[in-house]
>>> print(open('entry.tsv').read())   # TSV, C-alpha atoms and all ligand atoms
chain	number	residue	atom	x	y	z
A	1	MET	CA	25.00	-44.16	2.32
A	2	GLU	CA	28.09	-45.74	3.86
A	3	SER	CA	29.71	-43.05	5.95
A	4	GLN	CA	31.40	-44.28	9.07
A	5	ALA	CA	32.80	-40.92	10.04
A	6	GLN	CA	29.86	-38.69	9.31
A	7	ASP	CA	28.86	-36.08	11.79
A	8	SER	CA	25.09	-36.57	12.16
A	9	VAL	CA	24.23	-32.86	12.42
A	10	ARG	CA	26.18	-31.43	9.52
A	11	ARG	CA	24.74	-30.94	6.05
A	12	LEU	CA	25.94	-33.33	3.37
A	13	ILE	CA	28.77	-32.00	1.25
A	14	VAL	CA	28.70	-32.11	-2.55
A	15	LEU	CA	32.05	-31.74	-4.33
A	16	SER	CA	33.11	-31.78	-7.94
A	17	GLY	CA	35.87	-30.27	-10.05
A	18	ILE	CA	36.57	-29.40	-13.64
A	19	ARG	CA	39.86	-28.81	-15.44
A	20	PRO	CA	40.39	-25.30	-16.84
A	21	THR	CA	41.34	-26.47	-20.31
A	22	GLY	CA	39.19	-24.00	-22.27
A	23	PRO	CA	35.60	-22.89	-22.60
A	24	LEU	CA	32.79	-25.18	-21.43
A	25	HIS	CA	30.67	-26.98	-24.00
A	26	LEU	CA	27.38	-28.84	-24.28
A	27	GLY	CA	29.06	-32.12	-23.19
A	28	ASN	CA	30.32	-30.54	-19.95
A	29	HIS	CA	26.91	-29.00	-19.43
A	30	LEU	CA	24.72	-32.06	-19.89
A	31	GLY	CA	27.29	-34.47	-18.44
A	32	ALA	CA	28.23	-32.52	-15.31
A	33	VAL	CA	27.52	-28.82	-14.80
A	34	ARG	CA	23.72	-29.05	-15.18
A	35	ASP	CA	23.68	-31.45	-12.21
A	36	TRP	CA	25.85	-29.09	-10.18
A	37	VAL	CA	23.33	-26.30	-10.72
A	38	ASP	CA	20.49	-28.58	-9.72
A	39	LEU	CA	22.22	-29.82	-6.55
A	40	THR	CA	23.12	-26.25	-5.54
A	41	ASN	CA	19.60	-24.96	-6.06
A	42	ARG	CA	18.05	-27.70	-3.93
A	43	GLY	CA	19.44	-25.80	-0.95
A	44	GLU	CA	20.01	-29.05	0.97
A	45	TYR	CA	23.74	-29.41	0.52
A	46	ASP	CA	26.97	-27.52	1.07
A	47	CYS	CA	28.37	-27.41	-2.45
A	48	TYR	CA	32.06	-27.16	-3.33
A	49	PHE	CA	33.02	-26.72	-6.98
A	50	PHE	CA	36.65	-26.28	-7.84
A	51	LEU	CA	38.92	-25.52	-10.77
A	52	ALA	CA	41.13	-28.60	-11.06
A	53	ASN	CA	44.11	-26.53	-12.15
A	54	LEU	CA	46.70	-28.91	-10.66
A	55	HIS	CA	45.05	-31.83	-12.45
A	56	MET	CA	45.09	-29.83	-15.64
A	57	LEU	CA	48.90	-29.65	-15.51
A	58	THR	CA	49.17	-33.45	-15.76
A	59	THR	CA	48.48	-33.32	-19.48
A	60	ARG	CA	49.09	-29.70	-20.40
A	61	SER	CA	52.71	-29.74	-19.27
A	62	ALA	CA	53.36	-33.31	-20.33
A	63	ALA	CA	55.81	-32.26	-23.01
A	64	LEU	CA	58.05	-30.75	-20.33
A	65	HIS	CA	59.48	-34.18	-19.80
A	66	THR	CA	60.43	-34.78	-23.37
A	67	GLU	CA	63.81	-33.48	-24.26
A	68	GLY	CA	63.88	-30.80	-26.90
A	69	LYS	CA	60.15	-29.96	-26.66
A	70	LYS	CA	58.57	-26.89	-25.13
A	71	SER	CA	55.89	-27.40	-22.51
A	72	GLY	CA	53.00	-25.90	-24.46
A	73	VAL	CA	51.73	-24.21	-21.29
A	74	ASP	CA	51.17	-20.50	-21.80
A	75	PRO	CA	50.73	-19.07	-18.26
A	76	LYS	CA	48.72	-16.09	-19.53
A	77	GLU	CA	46.35	-18.33	-21.51
A	78	LEU	CA	46.05	-20.63	-18.51
A	79	TYR	CA	45.17	-17.72	-16.23
A	80	ASP	CA	42.49	-16.54	-18.66
A	81	ASP	CA	41.05	-20.05	-18.94
A	82	GLN	CA	40.64	-20.17	-15.16
A	83	VAL	CA	38.87	-16.82	-14.99
A	84	GLY	CA	36.77	-17.82	-18.00
A	85	LEU	CA	35.77	-21.07	-16.33
A	86	VAL	CA	34.38	-19.24	-13.30
A	87	LEU	CA	32.33	-17.06	-15.66
A	88	ASP	CA	31.15	-20.19	-17.51
A	89	LEU	CA	30.03	-21.79	-14.24
A	90	MET	CA	28.16	-18.64	-13.23
A	91	ALA	CA	26.56	-18.44	-16.69
A	92	ALA	CA	25.42	-22.05	-16.33
A	93	GLY	CA	23.55	-21.00	-13.18
A	94	ILE	CA	25.91	-21.67	-10.27
A	95	ASP	CA	25.43	-18.87	-7.77
A	96	PRO	CA	28.68	-18.24	-5.83
A	97	ASN	CA	26.57	-17.08	-2.90
A	98	LYS	CA	25.11	-20.58	-2.66
A	99	ALA	CA	28.15	-22.70	-3.59
A	100	LEU	CA	31.88	-22.31	-3.01
A	101	ILE	CA	33.88	-21.89	-6.21
A	102	TYR	CA	37.63	-22.10	-5.73
A	103	ALA	CA	40.88	-23.27	-7.29
A	104	GLN	CA	42.74	-26.39	-6.22
A	105	SER	CA	46.00	-24.39	-6.20
A	106	THR	CA	44.67	-22.16	-3.39
A	107	ILE	CA	44.82	-25.12	-0.98
A	108	PRO	CA	48.35	-26.51	-0.56
A	109	GLU	CA	47.11	-28.83	2.20
A	110	LEU	CA	45.46	-30.94	-0.53
A	111	THR	CA	48.85	-32.02	-1.80
A	112	GLU	CA	49.89	-32.90	1.77
A	113	LEU	CA	46.85	-35.14	2.10
A	114	MET	CA	47.63	-36.57	-1.30
A	115	TRP	CA	51.02	-37.65	0.05
A	116	LEU	CA	49.42	-39.44	3.01
A	117	LEU	CA	46.97	-41.23	0.70
A	118	ALA	CA	49.77	-42.17	-1.70
A	119	THR	CA	51.37	-44.17	1.10
A	120	PHE	CA	48.26	-46.37	1.15
A	121	THR	CA	48.20	-46.84	-2.61
A	122	PRO	CA	49.78	-49.71	-4.52
A	123	VAL	CA	51.46	-48.43	-7.69
A	124	SER	CA	49.80	-51.30	-9.60
A	125	ARG	CA	46.36	-49.85	-8.76
A	126	LEU	CA	47.26	-46.54	-10.39
A	127	GLU	CA	48.96	-48.16	-13.38
A	128	GLY	CA	45.85	-50.25	-14.01
A	129	MET	CA	43.44	-47.27	-14.12
A	130	HIS	CA	41.70	-47.00	-17.49
A	131	HIS	CA	42.01	-43.20	-17.47
A	132	PHE	CA	45.80	-43.40	-16.98
A	133	LYS	CA	46.29	-46.03	-19.65
A	134	GLU	CA	44.20	-44.10	-22.17
A	135	LYS	CA	45.88	-40.73	-21.54
A	136	LYS	CA	49.36	-42.31	-21.48
A	137	GLY	CA	48.63	-44.06	-24.79
A	138	LYS	CA	47.52	-40.78	-26.38
A	139	LEU	CA	50.60	-38.93	-25.14
A	140	GLU	CA	52.86	-41.65	-26.44
A	141	GLU	CA	51.19	-41.46	-29.85
A	142	GLU	CA	52.12	-37.77	-29.85
A	143	GLY	CA	55.72	-38.70	-29.01
A	144	VAL	CA	55.44	-37.42	-25.42
A	145	GLY	CA	55.89	-39.49	-22.27
A	146	ALA	CA	53.34	-39.49	-19.42
A	147	ASN	CA	54.59	-37.67	-16.34
A	148	ALA	CA	54.47	-38.98	-12.76
A	149	ALA	CA	51.65	-36.55	-11.90
A	150	LEU	CA	49.39	-38.21	-14.47
A	151	LEU	CA	49.92	-41.53	-12.68
A	152	THR	CA	49.02	-39.98	-9.32
A	153	TYR	CA	46.00	-38.05	-10.68
A	154	PRO	CA	43.51	-40.25	-8.75
A	155	VAL	CA	45.42	-39.71	-5.48
A	156	LEU	CA	45.03	-35.95	-5.77
A	157	MET	CA	41.38	-36.41	-6.69
A	158	ALA	CA	40.87	-38.54	-3.56
A	159	ALA	CA	42.52	-35.74	-1.55
A	160	ASP	CA	40.16	-33.17	-3.13
A	161	ILE	CA	37.21	-35.30	-2.02
A	162	LEU	CA	38.37	-36.46	1.41
A	163	GLY	CA	40.00	-33.10	2.22
A	164	VAL	CA	36.59	-31.49	2.66
A	165	GLN	CA	34.94	-34.72	3.93
A	166	ALA	CA	32.69	-34.74	0.88
A	167	ASP	CA	29.73	-37.12	0.76
A	168	ILE	CA	28.31	-36.75	-2.74
A	169	ILE	CA	30.38	-36.55	-5.92
A	170	PRO	CA	28.46	-35.55	-9.05
A	171	VAL	CA	30.71	-36.67	-11.90
A	172	GLY	CA	30.40	-38.20	-15.33
A	173	GLU	CA	30.75	-41.95	-15.82
A	174	ASP	CA	34.37	-41.44	-16.88
A	175	GLN	CA	35.22	-40.60	-13.25
A	176	ASN	CA	33.56	-43.57	-11.54
A	177	ALA	CA	36.78	-45.57	-11.11
A	178	HIS	CA	38.45	-42.56	-9.50
A	179	VAL	CA	35.64	-42.12	-6.98
A	180	GLU	CA	35.76	-45.86	-6.25
A	181	TYR	CA	39.44	-45.45	-5.45
A	182	ALA	CA	38.68	-42.45	-3.16
A	183	ARG	CA	36.12	-44.63	-1.35
A	184	ASP	CA	38.79	-47.29	-0.81
A	185	MET	CA	41.18	-44.64	0.52
A	186	ALA	CA	38.59	-43.41	3.03
A	187	ARG	CA	38.00	-46.96	4.24
A	188	ALA	CA	41.73	-47.73	4.41
A	189	PHE	CA	42.51	-44.60	6.45
A	190	ASN	CA	39.55	-45.11	8.80
A	191	ARG	CA	40.50	-48.75	9.38
A	192	GLU	CA	44.11	-47.88	10.15
A	193	TYR	CA	43.72	-44.72	12.25
A	194	GLY	CA	40.06	-44.33	13.24
A	195	ASP	CA	37.04	-42.70	11.63
A	196	LEU	CA	37.80	-39.47	9.85
A	197	PHE	CA	36.53	-39.67	6.30
A	198	PRO	CA	32.97	-40.29	5.12
A	199	VAL	CA	32.91	-42.83	2.28
A	200	PRO	CA	31.71	-40.70	-0.64
A	201	ASP	CA	29.04	-41.70	-3.15
A	202	VAL	CA	28.94	-40.96	-6.86
A	203	TRP	CA	25.89	-38.98	-7.97
A	204	GLN	CA	24.76	-39.48	-11.55
A	205	THR	CA	21.37	-38.64	-13.05
A	206	LYS	CA	21.99	-41.06	-15.90
A	207	ALA	CA	24.96	-42.29	-17.85
A	208	LEU	CA	25.32	-39.73	-20.56
A	209	ARG	CA	27.84	-39.22	-23.33
A	210	VAL	CA	27.49	-36.29	-25.70
A	211	PRO	CA	29.10	-37.17	-29.05
A	212	SER	CA	31.13	-34.75	-31.11
A	213	ILE	CA	28.92	-33.32	-33.87
A	214	ASP	CA	31.48	-34.30	-36.50
A	215	CYS	CA	31.81	-37.93	-35.36
A	216	SER	CA	35.27	-37.44	-33.84
A	217	GLY	CA	34.35	-39.35	-30.64
A	218	LYS	CA	33.13	-37.62	-27.48
A	219	MET	CA	32.36	-33.89	-27.62
A	220	GLY	CA	35.41	-32.13	-26.16
A	221	LYS	CA	37.39	-28.91	-26.16
A	222	SER	CA	40.06	-30.34	-28.45
A	223	HIS	CA	37.54	-30.59	-31.35
A	224	PRO	CA	36.04	-27.09	-31.62
A	225	GLU	CA	34.24	-27.84	-34.90
A	226	GLY	CA	32.43	-30.78	-33.28
A	227	SER	CA	31.57	-28.96	-30.03
A	228	VAL	CA	28.95	-26.41	-29.03
A	229	PHE	CA	30.56	-23.91	-26.66
A	230	TYR	CA	28.70	-21.70	-24.19
A	231	THR	CA	29.52	-18.62	-26.29
A	232	ASP	CA	28.58	-20.07	-29.70
A	233	SER	CA	25.91	-17.95	-31.40
A	234	GLU	CA	22.73	-19.45	-32.83
A	235	LYS	CA	24.26	-19.08	-36.30
A	236	VAL	CA	27.45	-20.91	-35.31
A	237	ILE	CA	25.45	-23.76	-33.76
A	238	ARG	CA	23.39	-24.07	-36.94
A	239	GLN	CA	26.53	-24.06	-39.10
A	240	LYS	CA	28.29	-26.67	-36.98
A	241	PHE	CA	25.38	-29.08	-37.41
A	242	SER	CA	24.78	-28.32	-41.08
A	243	ARG	CA	28.47	-28.85	-41.95
A	244	ALA	CA	28.66	-32.22	-40.21
A	245	VAL	CA	28.46	-34.27	-43.41
A	246	LYS	CA	29.82	-37.52	-41.99
A	247	ALA	CA	27.52	-37.25	-38.99
A	248	THR	CA	24.38	-38.45	-40.78
A	249	ALA	CA	23.13	-41.96	-41.55
A	250	ASN	CA	25.69	-44.41	-42.76
A	251	PRO	CA	25.61	-44.86	-45.77
A	252	PRO	CA	24.67	-41.17	-46.12
A	253	ARG	CA	21.36	-40.27	-47.74
A	254	THR	CA	21.46	-38.55	-51.12
A	255	GLN	CA	21.13	-34.80	-50.67
A	256	SER	CA	19.53	-33.99	-54.03
A	257	ASP	CA	17.12	-36.96	-54.20
A	258	TRP	CA	16.42	-37.49	-50.49
A	259	ARG	CA	12.71	-38.23	-51.07
A	260	ASN	CA	13.73	-41.50	-52.72
A	261	ASP	CA	16.43	-42.39	-50.23
A	262	PRO	CA	15.18	-43.49	-46.80
A	263	GLY	CA	17.79	-43.60	-44.00
A	264	ASP	CA	18.49	-45.56	-40.83
A	265	PRO	CA	18.43	-43.29	-37.75
A	266	ALA	CA	20.16	-46.00	-35.71
A	267	THR	CA	23.37	-45.30	-37.64
A	268	CYS	CA	23.11	-41.50	-37.45
A	269	ASN	CA	25.14	-39.36	-35.06
A	270	VAL	CA	22.79	-36.38	-35.45
A	271	PHE	CA	19.80	-38.54	-34.52
A	272	SER	CA	21.47	-39.49	-31.22
A	273	PHE	CA	21.14	-35.82	-30.15
A	274	PHE	CA	17.36	-36.16	-29.93
A	275	ASP	CA	17.80	-38.38	-26.84
A	276	LEU	CA	19.95	-35.67	-25.24
A	277	VAL	CA	18.11	-32.47	-26.11
A	278	GLY	CA	14.72	-33.35	-27.60
A	279	SER	CA	11.30	-34.51	-26.47
A	280	SER	CA	9.86	-37.91	-27.43
A	281	GLU	CA	7.77	-36.12	-30.10
A	282	ASP	CA	10.91	-34.59	-31.62
A	283	LYS	CA	12.55	-38.00	-31.67
A	284	SER	CA	9.54	-39.72	-33.27
A	285	TRP	CA	9.32	-36.94	-35.88
A	286	ALA	CA	12.96	-37.47	-36.88
A	287	GLU	CA	12.77	-41.27	-36.78
A	288	ALA	CA	9.66	-41.53	-38.94
A	289	GLY	CA	10.85	-38.75	-41.27
A	290	CYS	CA	14.24	-40.39	-41.84
A	291	ARG	CA	12.89	-43.94	-42.31
A	292	GLY	CA	10.04	-42.75	-44.53
A	293	ALA	CA	12.20	-40.19	-46.42
A	294	THR	CA	9.69	-37.43	-45.66
A	295	ILE	CA	12.38	-35.13	-44.24
A	296	SER	CA	15.91	-34.40	-45.48
A	297	CYS	CA	19.07	-34.65	-43.37
A	298	GLY	CA	19.27	-30.85	-43.60
A	299	GLU	CA	15.84	-30.48	-41.95
A	300	CYS	CA	16.78	-32.94	-39.24
A	301	LYS	CA	20.05	-31.15	-38.47
A	302	ALA	CA	18.28	-27.79	-38.42
A	303	ARG	CA	15.78	-29.13	-35.86
A	304	VAL	CA	18.58	-30.45	-33.61
A	305	ALA	CA	20.35	-27.08	-33.88
A	306	VAL	CA	17.16	-25.31	-32.73
A	307	LEU	CA	16.80	-27.67	-29.74
A	308	VAL	CA	20.46	-27.22	-28.76
A	309	ASN	CA	20.13	-23.47	-29.11
A	310	GLU	CA	17.09	-23.45	-26.78
A	311	ILE	CA	19.31	-24.90	-24.03
A	312	MET	CA	22.31	-22.72	-24.84
A	313	ALA	CA	20.65	-19.33	-25.46
A	314	PRO	CA	20.09	-18.28	-21.80
A	315	ILE	CA	23.57	-19.52	-20.83
A	316	ARG	CA	25.12	-17.66	-23.76
A	317	GLU	CA	23.35	-14.42	-22.88
A	318	ARG	CA	24.50	-14.57	-19.25
A	319	ARG	CA	28.03	-15.55	-20.32
A	320	LEU	CA	28.34	-12.62	-22.73
A	321	SER	CA	27.09	-10.13	-20.17
A	322	LEU	CA	29.62	-11.45	-17.63
A	323	GLU	CA	32.46	-11.01	-20.14
A	324	THR	CA	33.44	-7.53	-18.99
A	325	ASP	CA	36.33	-6.20	-16.90
A	326	ILE	CA	33.98	-6.08	-13.91
A	327	GLY	CA	32.90	-9.66	-14.57
A	328	ARG	CA	36.52	-10.85	-14.76
A	329	ALA	CA	37.55	-8.98	-11.60
A	330	GLN	CA	34.51	-10.44	-9.87
A	331	ALA	CA	35.55	-13.96	-10.95
A	332	VAL	CA	38.98	-13.51	-9.35
A	333	GLU	CA	37.34	-12.23	-6.15
A	334	ILE	CA	35.00	-15.25	-6.11
A	335	LEU	CA	38.00	-17.61	-6.38
A	336	HIS	CA	39.73	-15.71	-3.59
A	337	GLU	CA	36.76	-15.79	-1.20
A	338	GLY	CA	35.75	-19.36	-2.08
A	339	GLY	CA	39.36	-20.46	-1.68
A	340	LYS	CA	39.66	-18.91	1.80
A	341	LYS	CA	36.57	-20.77	3.04
A	342	ALA	CA	37.40	-24.10	1.42
A	343	ARG	CA	41.00	-23.90	2.63
A	344	GLY	CA	39.87	-23.30	6.21
A	345	ARG	CA	37.93	-26.54	6.12
A	346	VAL	CA	40.72	-28.55	4.45
A	347	GLN	CA	43.32	-27.22	6.91
A	348	GLU	CA	41.26	-28.48	9.86
A	349	ILE	CA	40.77	-31.92	8.35
A	350	VAL	CA	44.35	-32.38	7.16
A	351	THR	CA	45.68	-31.25	10.56
A	352	ARG	CA	43.53	-33.94	12.18
A	353	ALA	CA	44.67	-36.54	9.65
A	354	LYS	CA	48.34	-35.74	10.30
A	355	GLU	CA	47.84	-35.94	14.06
A	356	MET	CA	46.06	-39.29	13.74
A	357	VAL	CA	48.94	-40.65	11.64
A	358	GLY	CA	51.43	-39.33	14.24
A	359	ILE	CA	53.11	-36.68	12.09
A	360	PRO	CA	51.78	-33.38	13.47
A	361	ALA	CA	53.30	-30.06	12.38
A	362	PHE	CA	55.24	-29.83	15.74
A	401	LIG	P1	36.65	-32.23	-18.95
A	401	LIG	O1	36.33	-31.01	-19.73
A	401	LIG	O2	37.14	-33.34	-19.82
A	401	LIG	O3	37.51	-31.95	-17.76
A	401	LIG	O4	35.25	-32.77	-18.43
A	401	LIG	C1	34.73	-32.50	-17.17
A	401	LIG	C2	33.48	-33.35	-16.98
A	401	LIG	O5	32.50	-32.95	-17.96
A	401	LIG	C3	33.69	-34.86	-17.23
A	401	LIG	O6	34.12	-35.53	-16.08
A	401	LIG	C4	32.31	-35.30	-17.63
A	401	LIG	O7	31.51	-35.49	-16.49
A	401	LIG	C5	31.76	-34.09	-18.39
A	401	LIG	N1	31.91	-34.24	-19.85
A	401	LIG	C6	32.89	-33.74	-20.63
A	401	LIG	N2	32.67	-34.03	-21.93
A	401	LIG	C7	31.53	-34.75	-21.98
A	401	LIG	C8	30.77	-35.38	-23.03
A	401	LIG	N3	31.13	-35.26	-24.31
A	401	LIG	N4	29.65	-36.05	-22.71
A	401	LIG	C9	29.25	-36.13	-21.41
A	401	LIG	N5	29.90	-35.58	-20.37
A	401	LIG	C10	31.04	-34.90	-20.64
>>> encode(input="entry.tsv", output="structure tokens", more="lines below")
Ligand code: AMP
Amino acid sequence: MESQAQDSVRRLIVLSGIRPTGPLHLGNHLGAVRDWVDLTNRGEYDCYFFLANLHMLTTRSAALHTEGKKSGVDPKELYDDQVGLVLDLMAAGIDPNKALIYAQSTIPELTELMWLLATFTPVSRLEGMHHFKEKKGKLEEEGVGANAALLTYPVLMAADILGVQADIIPVGEDQNAHVEYARDMARAFNREYGDLFPVPDVWQTKALRVPSIDCSGKMGKSHPEGSVFYTDSEKVIRQKFSRAVKATANPPRTQSDWRNDPGDPATCNVFSFFDLVGSSEDKSWAEAGCRGATISCGECKARVAVLVNEIMAPIRERRLSLETDIGRAQAVEILHEGGKKARGRVQEIVTRAKEMVGIPAF
């Protein structure tokens, strides 16, 4: 690990964030949150997990900048999503006694650090980011312009990381370019003013992309019918898979005469789930059954639904039992306590950064 400024006695710091845009789903779980639980439970690291509620505003309030359109941000709904996200994280297995859970908005010093880092950042670097170009394109398709905060999204993310001197960043592949940029920011600051920031490393178990069940791209909150949420019952999971007509082999196998219509699993969205949630035996069963027409698409989908449910059932049970007034009040308290601790650390580091640059608080 390249970490010029690392204090040799301190424990390594793990940091990751997630936008409170709605309930967590299987894609979030397999692509990110499962790793967070694992890293926390190893007991080797100081773990910081935050609600990226400032990042969330970059797209949720995008319409603010288009004349004649309302922002689409409902503050009450947003508040509930943040509380719900804490409960989701706890249901997934993150113990707030072992990891800090907090909200970005609790730490104003992060936006101060963001400003310092922005002064090191060529605009062309931000304009060239794949994430920015993709999101800007989507907004423009909807007739909405991208706001300036969307452009500076990676700068705030670098501040989130460097602000706690994080070492290990468990994120999905989609975030690699942003972490690379944060690494460059750490190096640039250290070169200019002296060692302060460790150069963080991405942590990924394996590149993993959970598709939407209904073939509408990546599983995500904006496609509820193609996503398996933490609170989805066994029945709902089964229905979501069984209704995914387009998701099977292309061309689709005949439903009524499937015994005479072998399929090609390589062209089947449902089959790809076996790599994510099944054993090698499950996968071989589906592959041979599809090619040899010994199983129907319905049987295959039902098997995937069972495997998905096995992963989701314990999370769902915990999530439902947390969904009480006590649970929600506890979530707010967790954000408050986690925020106090994380802010203390960020304040120290940002104060040092400002002094090194020569702009102390006076
Ligand atoms: P988001 O809900 O888009 O803020 O996602 C937060 C993180 O969850 C991403 O950075 C990814 O690491 C992970 N993630 C979200 N959707 C998926 C998916 N369909 N497949 C794999 N990982 C995902």
>>> residues_near_ligand(input="entry.tsv", ligand="ligand LIG 401 (chain A)", cutoff="6 Å", atoms="all atoms listed in the file", output="ChimeraX atom specification")
/A:18-19,27-28,31-32,171-172,174-175,208-211,218-220
>>> closest_residue(input="entry.tsv", among="A:Ala342, A:Leu51, A:Leu30, A:Val270", to="Ile13 in chain A", atoms="only C-alpha atoms")
A:Ala342
>>> residues_around(input="entry.tsv", residues="Gly339 in chain A", least_positions_apart="6", cutoff="9 Å", atoms="only C-alpha atoms", output="list in words")
Phe50, Leu100, Ile101, Tyr102, Ala103, Gln104, Ser105, Thr106 and Ile107 of chain A
>>> atom_distance(input="entry.tsv", atom1="CA of Tyr230 in chain A", atom2="CA of Pro170 in chain A")
20.5 Å
>>> closest_residue(input="entry.tsv", among="A:Arg291, A:His336, A:Arg11, A:Arg345", to="Asp160 in chain A", atoms="all atoms listed in the file")
A:Arg345
>>> residues_around(input="entry.tsv", residues="Gly128 in chain A", least_positions_apart="6", cutoff="12 Å", atoms="only C-alpha atoms", output="ChimeraX atom specification")
/A:122,134,136,151-152,154,177-178,181
>>> residues_around(input="entry.tsv", residues="Trp36 in chain A", least_positions_apart="3", cutoff="10 Å", atoms="all atoms listed in the file", output="list in words")
Val14, Leu15, Ser16, His29, Gly31, Ala32, Val33, Leu39, Thr40, Asn41, Cys47, Tyr48, Phe49, Leu89, Ala92, Gly93, Ile94, Ala99, Ile169, Pro170 and Val171 of chain A
>>> closest_residue(input="entry.tsv", among="A:Val9, A:Leu85, A:Leu57, A:Ala361", to="Gly327 in chain A", atoms="all atoms listed in the file")
A:Leu85
>>> atom_distance(input="entry.tsv", atom1="CA of Arg328 in chain A", atom2="CA of Pro224 in chain A")
23.4 Å
>>> atom_distance(input="entry.tsv", atom1="CA of Gly163 in chain A", atom2="CA of Met129 in chain A")
21.9 Å
>>> residues_near_point(input="entry.tsv", point="(24.9, -15.9, -15.2)", cutoff="10 Å", atoms="only C-alpha atoms", output="ChimeraX atom specification")
/A:87-95,314-322
>>> closest_residue(input="entry.tsv", among="A:Gly298, A:Gly292, A:Gly226, A:Pro200", to="Ile161 in chain A", atoms="only C-alpha atoms")
A:Pro200
>>> closest_residue(input="entry.tsv", among="A:Lys341, A:His25, A:Arg125, A:Arg34", to="Tyr153 in chain A", atoms="only C-alpha atoms")
A:Arg125
>>> axis_aligned_box(input="entry.tsv", around="range 114-131 of chain A", padding_each_side="3 Å", output="lines of an AutoDock Vina configuration file")
center_x = 46.6
center_y = -43.9
center_z = -7.2
size_x = 15.8
size_y = 20.7
size_z = 26.5
>>> closest_residue(input="entry.tsv", among="A:Met56, A:Cys297, A:Val83, A:Ala305", to="Ile334 in chain A", atoms="only C-alpha atoms")
A:Val83
